[in-house]
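Reading through the structure tokens given below for one structure.
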Amino acid sequence: DTEVTQTPKHLVMGMTNKKSLKCEQHMGHRAMYWYKQKAKKPPELMFVYSYEKLSINESVPSRFSPECPNSSLLNLHLHALQPEDSALYLCASSQARIDYEQYFGPGTRLTVT
Amino acid sequence: QKEVEQNSGPLSVPEGAIASLNCTYSDRGSQSFFWYRQYSGKSPELIMSIYSNGDKEDGRFTAQLNKASQYVSLLIRDSQPSDSATYLCAVRTNFGNEKLTFGTGTRLTIIP
């Protein structure tokens, strides 16, 4: 089973709202990722958690705040977003430091109004 | 120079023919190579991974890696309309680093 789940599927939020995206995997993977993807562009890495510790932050603005409560869960907290933050947000997971095959969840389509 | 380059296409291939997708990368230390398929509005789906020089076959898909020439390719045999999608090449460039670098993708259209 290579399933990564994400909720919600769609999210519309105003620029003053606070919302969270959730990601879950039960494959025993110890690395989890957040990507942002704009239309007709490749996924753009935002954050990497390895063994529940933040290992990579690709200079993401502080209005995006990641959290890894345990090895199966990954959250992305959103606050004071801008319309240009509208995108498909993808979560992925992989075995850490072994084969690095990353498996993506279905994504959350975020619209900031 | 971009780290991972792909021809953006669109690449049009008749149904039943072989589709050939190419990817070049700049970092000679690259260790792992992946092909993802992405349908419009959906998330990327891993279809092949390859780590050693040579060919790796999985059903109708064959990945080819040539580290000396720094290219990786994906062949799709007996192309079907359902293969119409954007194909993303991804490369892990530094040993021990979880980061994948993606190419911009090649849009493939299979013509019935």
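Within each chain, counting starts at residue 1; across the structure tokens, chains are named A, B, ... in the order shown, with ligands numbered 1 upward in that order.
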Cut-off 9 Å: closest chain A/chain B atom pairs per residue, using only C-alpha atoms, as a tab-separated table:
residue	atom	partner	partner_atom	distance
A:Ala31	CA	B:Glu98	CA	8.0
A:Ala39	CA	B:Gly41	CA	8.6
A:Lys40	CA	B:Thr104	CA	8.2
A:Lys41	CA	B:Thr104	CA	6.2
A:Pro42	CA	B:Thr104	CA	5.3
A:Pro43	CA	B:Phe102	CA	7.2
A:Glu44	CA	B:Phe102	CA	8.2
A:Leu45	CA	B:Lys99	CA	7.8
A:Val48	CA	B:Glu98	CA	7.6
A:Ser50	CA	B:Glu98	CA	8.4
A:Ser55	CA	B:Glu98	CA	8.8
A:Ile56	CA	B:Lys99	CA	8.3
A:Leu88	CA	B:Ser43	CA	8.6
A:Leu90	CA	B:Ser43	CA	7.3
A:Ser94	CA	B:Glu98	CA	8.9
A:Ala96	CA	B:Glu98	CA	7.5
A:Arg97	CA	B:Gly96	CA	6.1
A:Ile98	CA	B:Gly96	CA	8.8
A:Asp99	CA	B:Ser32	CA	8.1
A:Tyr100	CA	B:Glu98	CA	6.8
A:Glu101	CA	B:Ser49	CA	7.3
A:Gln102	CA	B:Leu46	CA	7.5
A:Tyr103	CA	B:Leu46	CA	6.6
A:Phe104	CA	B:Pro44	CA	6.3
A:Gly105	CA	B:Ser43	CA	6.8
A:Pro106	CA	B:Ser43	CA	5.2
A:Gly107	CA	B:Ser43	CA	6.3
Print the selection's residues with C-alpha atoms to a file, as a CSV table (one decimal), in the first residue's frame.
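After the write, again.csv holds the following:
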chain,number,residue,atom,x,y,z
A,31,ALA,CA,10.4,11.3,5.8
A,39,ALA,CA,-0.3,25.3,-12.9
A,40,LYS,CA,2.0,23.9,-15.6
A,41,LYS,CA,5.0,24.0,-13.2
A,42,PRO,CA,6.8,21.2,-11.4
A,43,PRO,CA,6.3,20.6,-7.7
A,44,GLU,CA,8.3,23.1,-5.6
A,45,LEU,CA,9.7,21.8,-2.3
A,48,VAL,CA,11.1,18.2,4.7
A,50,SER,CA,13.0,13.4,8.7
A,55,SER,CA,15.4,18.9,8.1
A,56,ILE,CA,14.8,21.2,5.1
A,88,LEU,CA,-2.1,22.7,-5.3
A,90,LEU,CA,1.1,18.3,-2.1
A,94,SER,CA,9.4,8.2,1.6
A,96,ALA,CA,14.3,8.1,5.0
A,97,ARG,CA,17.8,7.6,3.8
A,98,ILE,CA,17.1,4.3,2.0
A,99,ASP,CA,15.6,4.5,-1.5
A,100,TYR,CA,14.0,7.9,-1.5
A,101,GLU,CA,11.0,6.9,-3.6
A,102,GLN,CA,8.6,9.6,-2.8
A,103,TYR,CA,4.8,8.9,-2.9
A,104,PHE,CA,2.5,11.8,-3.3
A,105,GLY,CA,-0.9,12.4,-1.8
A,106,PRO,CA,-3.8,13.7,-3.9
A,107,GLY,CA,-3.2,17.3,-2.8
Leaving out range 59-68 of chain B and any residue of its chain fewer than 2 positions from it, which residues lie within 9 Å of it when counting only C-alpha atoms, given as an MDAnalysis selection string? chainID B and resid 28 30 33:35 47:57 70:79
Taking only chain A into account, list the residues labelled strand (DSSP E or B) by DSSP (computed from the backbone), as a PyMOL selection string. chain A and resi 4-7+10-13+18-25+31-37+44-50+53-57+64-70+73-79+87-94+103-104+108-112
Those selected residues, please, written with C-alpha atoms and delivered as a PDB file, in the first residue's frame.
ATOM      1  CA  VAL A   4      -0.841   9.114   1.368  1.00  0.00           C
ATOM      2  CA  THR A   5      -4.046  10.900   2.306  1.00  0.00           C
ATOM      3  CA  GLN A   6      -4.645  14.630   2.460  1.00  0.00           C
ATOM      4  CA  THR A   7      -7.494  16.721   3.791  1.00  0.00           C
ATOM      5  CA  HIS A  10     -10.329  21.869  -1.620  1.00  0.00           C
ATOM      6  CA  LEU A  11      -9.966  24.935   0.576  1.00  0.00           C
ATOM      7  CA  VAL A  12     -11.016  28.518   0.015  1.00  0.00           C
ATOM      8  CA  MET A  13      -9.782  31.013   2.563  1.00  0.00           C
ATOM      9  CA  LYS A  18      -6.140  30.652   9.728  1.00  0.00           C
ATOM     10  CA  LYS A  19      -6.472  27.144   8.351  1.00  0.00           C
ATOM     11  CA  SER A  20      -4.553  23.874   8.389  1.00  0.00           C
ATOM     12  CA  LEU A  21      -3.809  21.204   5.820  1.00  0.00           C
ATOM     13  CA  LYS A  22      -3.416  17.635   7.001  1.00  0.00           C
ATOM     14  CA  CYS A  23      -1.479  14.699   5.624  1.00  0.00           C
ATOM     15  CA  GLU A  24      -1.314  11.117   6.827  1.00  0.00           C
ATOM     16  CA  GLN A  25       0.573   7.987   5.792  1.00  0.00           C
ATOM     17  CA  ALA A  31      10.425  11.320   5.817  1.00  0.00           C
ATOM     18  CA  MET A  32       7.514  13.560   4.906  1.00  0.00           C
ATOM     19  CA  TYR A  33       7.369  16.520   2.567  1.00  0.00           C
ATOM     20  CA  TRP A  34       5.284  19.536   1.655  1.00  0.00           C
ATOM     21  CA  TYR A  35       5.324  20.782  -1.915  1.00  0.00           C
ATOM     22  CA  LYS A  36       3.552  23.631  -3.640  1.00  0.00           C
ATOM     23  CA  GLN A  37       2.602  23.308  -7.291  1.00  0.00           C
ATOM     24  CA  GLU A  44       8.299  23.088  -5.586  1.00  0.00           C
ATOM     25  CA  LEU A  45       9.687  21.766  -2.314  1.00  0.00           C
ATOM     26  CA  MET A  46       8.693  23.690   0.814  1.00  0.00           C
ATOM     27  CA  PHE A  47       9.608  21.558   3.840  1.00  0.00           C
ATOM     28  CA  VAL A  48      11.065  18.169   4.694  1.00  0.00           C
ATOM     29  CA  TYR A  49      10.669  16.320   7.968  1.00  0.00           C
ATOM     30  CA  SER A  50      12.982  13.431   8.665  1.00  0.00           C
ATOM     31  CA  LYS A  53      12.441  16.745  12.806  1.00  0.00           C
ATOM     32  CA  LEU A  54      12.446  19.579  10.317  1.00  0.00           C
ATOM     33  CA  SER A  55      15.446  18.929   8.066  1.00  0.00           C
ATOM     34  CA  ILE A  56      14.813  21.240   5.125  1.00  0.00           C
ATOM     35  CA  ASN A  57      13.030  24.592   4.939  1.00  0.00           C
ATOM     36  CA  PHE A  64       3.333  28.787   6.275  1.00  0.00           C
ATOM     37  CA  SER A  65       4.083  26.808   9.432  1.00  0.00           C
ATOM     38  CA  PRO A  66       4.708  23.057   9.277  1.00  0.00           C
ATOM     39  CA  GLU A  67       4.192  20.619  12.105  1.00  0.00           C
ATOM     40  CA  CYS A  68       4.931  16.911  12.436  1.00  0.00           C
ATOM     41  CA  PRO A  69       3.036  15.612  15.503  1.00  0.00           C
ATOM     42  CA  ASN A  70       4.182  12.013  14.929  1.00  0.00           C
ATOM     43  CA  LEU A  73       1.065  12.875  10.439  1.00  0.00           C
ATOM     44  CA  LEU A  74       2.107  16.129   8.854  1.00  0.00           C
ATOM     45  CA  ASN A  75       0.300  19.436   9.107  1.00  0.00           C
ATOM     46  CA  LEU A  76       0.722  22.736   7.334  1.00  0.00           C
ATOM     47  CA  HIS A  77      -0.707  25.717   9.206  1.00  0.00           C
ATOM     48  CA  LEU A  78      -1.699  28.679   7.091  1.00  0.00           C
ATOM     49  CA  HIS A  79      -2.128  32.258   8.265  1.00  0.00           C
ATOM     50  CA  ALA A  87      -1.899  26.508  -5.627  1.00  0.00           C
ATOM     51  CA  LEU A  88      -2.067  22.738  -5.261  1.00  0.00           C
ATOM     52  CA  TYR A  89      -0.382  21.724  -2.008  1.00  0.00           C
ATOM     53  CA  LEU A  90       1.081  18.255  -2.116  1.00  0.00           C
ATOM     54  CA  CYS A  91       2.233  16.042   0.693  1.00  0.00           C
ATOM     55  CA  ALA A  92       4.647  13.193   0.025  1.00  0.00           C
ATOM     56  CA  SER A  93       6.399  10.568   2.071  1.00  0.00           C
ATOM     57  CA  SER A  94       9.351   8.246   1.620  1.00  0.00           C
ATOM     58  CA  TYR A 103       4.838   8.925  -2.901  1.00  0.00           C
ATOM     59  CA  PHE A 104       2.473  11.842  -3.253  1.00  0.00           C
ATOM     60  CA  THR A 108      -5.228  20.126  -1.461  1.00  0.00           C
ATOM     61  CA  ARG A 109      -6.373  22.739  -3.958  1.00  0.00           C
ATOM     62  CA  LEU A 110      -6.053  26.034  -2.094  1.00  0.00           C
ATOM     63  CA  THR A 111      -7.647  29.273  -3.221  1.00  0.00           C
ATOM     64  CA  VAL A 112      -6.885  32.482  -1.328  1.00  0.00           C
TER      65      VAL A 112
END
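Reported to one decimal place, the separation of CA of Val13 in chain B from CA of Pro112 in chain B is 9.0 Å.
Taking only C-alpha atoms, the non-local environment of Met15 in chain A within 7 Å (same-chain residues fewer than 3 positions away omitted) comprises Ala80, Leu81, Gln82, Val112 and Thr113 of chain A.
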When you count only C-alpha atoms, which of these residues is closest to Ala19 in chain B: B:Val4, B:Val91, B:Ala85, B:Ile110? B:Ile110
